[in-house]
Amino acid sequence: MPIIEVTLTPAPHRTPEVKRALISALTAAVVDTGVAPKESVRVLLREIPAEHFAAGDVTLAERRAAQAAASASNTQKGNDANG
C-alpha cells in the first residue's frame with residue numbers, strides 16, 4: 001500500500017478543489033505506473049503554517065511579508081513617477 005505524503009503551506013489559490021485535483025493526479029500516477037491499484041493508494045496532505053517553515057533562518061511568513069512590502073514600495077514609486 002503506497003502512502004504519498006505532501007507537505008504544503010497554506011496558499012489562497014490552494015482551494016479544496018485544487019487539493020482534490022492534486023490527490024487525483026498523485027493517485028493516477030501510482031496507478032498508471034503499475035505500482036499499485038487505486039484502492040490501495042493513500043495520500044496525506046499536510047498543511048503547516050507559514051510561520052513554521054523556514055529556509056535560511058527566514059520563515060515563509062517573513063519572506064512573504066518582505067515581498068509584499070517590496071511590491072508595495074515599487075508600486076508607490078511607479079505611481080510617484082507617473083503622478
# chains A, B, ... in the order shown; residues from 1 in each chain; ligands from 1

call {"tool": "residues_around", "arguments": {"residues": "stretch 58-71 of chain A", "least_positions_apart": "4", "cutoff": "12 Å", "atoms": "only C-alpha atoms", "output": "list in words"}}
result
Leu8, Thr9, Pro10, Ala11, Ile48, Pro49, Ala50, Glu51, His52, Phe53, Ala54, Thr75, Gln76, Lys77 and Gly78 of chain A

call {"tool": "select_by_dssp", "arguments": {"residues": "chain A", "states": "strand (DSSP E or B)", "output": "PyMOL selection string"}}
result
chain A and resi 3-8+42-47+54-55+58-59

call {"tool": "residues_around", "arguments": {"residues": "A:Val43", "least_positions_apart": "6", "cutoff": "6 Å", "atoms": "only C-alpha atoms", "output": "PDB file with N, CA and C atoms, in the first residue's frame"}}
result
ATOM      1  N   ILE A   3       1.935   5.022   0.361  1.00  0.00           N
ATOM      2  CA  ILE A   3       1.472   6.198   1.093  1.00  0.00           C
ATOM      3  C   ILE A   3       2.273   7.390   0.575  1.00  0.00           C
ATOM      4  N   ILE A   4       1.577   8.354   0.028  1.00  0.00           N
ATOM      5  CA  ILE A   4       2.207   9.559  -0.507  1.00  0.00           C
ATOM      6  C   ILE A   4       1.932  10.693   0.468  1.00  0.00           C
ATOM      7  N   GLU A   5       2.991  11.314   0.963  1.00  0.00           N
ATOM      8  CA  GLU A   5       2.843  12.432   1.892  1.00  0.00           C
ATOM      9  C   GLU A   5       3.327  13.710   1.221  1.00  0.00           C
TER      10      GLU A   5
END

call {"tool": "atom_distance", "arguments": {"atom1": "atom CA of A:Pro2", "atom2": "atom CA of A:Arg14"}}
result
24.0 Å

call {"tool": "atom_distance", "arguments": {"atom1": "atom CA of A:Ala36", "atom2": "atom CA of A:Ile23"}}
result
15.1 Å

call {"tool": "atom_distance", "arguments": {"atom1": "atom CA of A:Pro16", "atom2": "atom CA of A:Val41"}}
result
19.4 Å

call {"tool": "select_by_dssp", "arguments": {"residues": "chain A", "states": "alpha helix (DSSP H)", "output": "PyMOL selection string"}}
result
chain A and resi 16-32+60-82

call {"tool": "closest_residue", "arguments": {"among": "A:Gly56, A:Val6, A:Arg42, A:Thr15", "to": "A:Ala28", "atoms": "only C-alpha atoms"}}
result
A:Arg42

call {"tool": "closest_residue", "arguments": {"among": "A:Ala72, A:Leu26, A:Val18, A:Met1", "to": "A:Glu39", "atoms": "only C-alpha atoms"}}
result
A:Met1

call {"tool": "decode", "arguments": {"residues": "stretch 33-48 of chain A", "atoms": "C-alpha atoms", "output": "PDB file, in the first residue's frame"}}
result
ATOM      1  CA  THR A  33       2.966   3.320 -13.462  1.00  0.00           C
ATOM      2  CA  GLY A  34       1.682  -0.017 -12.232  1.00  0.00           C
ATOM      3  CA  VAL A  35       2.877   0.481  -8.674  1.00  0.00           C
ATOM      4  CA  ALA A  36      -0.441  -0.357  -7.026  1.00  0.00           C
ATOM      5  CA  PRO A  37      -4.182  -0.446  -7.610  1.00  0.00           C
ATOM      6  CA  LYS A  38      -6.181   2.709  -6.928  1.00  0.00           C
ATOM      7  CA  GLU A  39      -7.883   1.295  -3.847  1.00  0.00           C
ATOM      8  CA  SER A  40      -4.584   0.805  -2.050  1.00  0.00           C
ATOM      9  CA  VAL A  41      -3.134   4.292  -2.625  1.00  0.00           C
ATOM     10  CA  ARG A  42      -3.119   6.632   0.371  1.00  0.00           C
ATOM     11  CA  VAL A  43      -2.441  10.368   0.027  1.00  0.00           C
ATOM     12  CA  LEU A  44      -1.787  12.634   3.001  1.00  0.00           C
ATOM     13  CA  LEU A  45      -1.782  16.393   2.534  1.00  0.00           C
ATOM     14  CA  ARG A  46      -0.248  18.214   5.477  1.00  0.00           C
ATOM     15  CA  GLU A  47      -0.562  21.962   5.718  1.00  0.00           C
ATOM     16  CA  ILE A  48       1.867  23.685   8.016  1.00  0.00           C
TER      17      ILE A  48
END
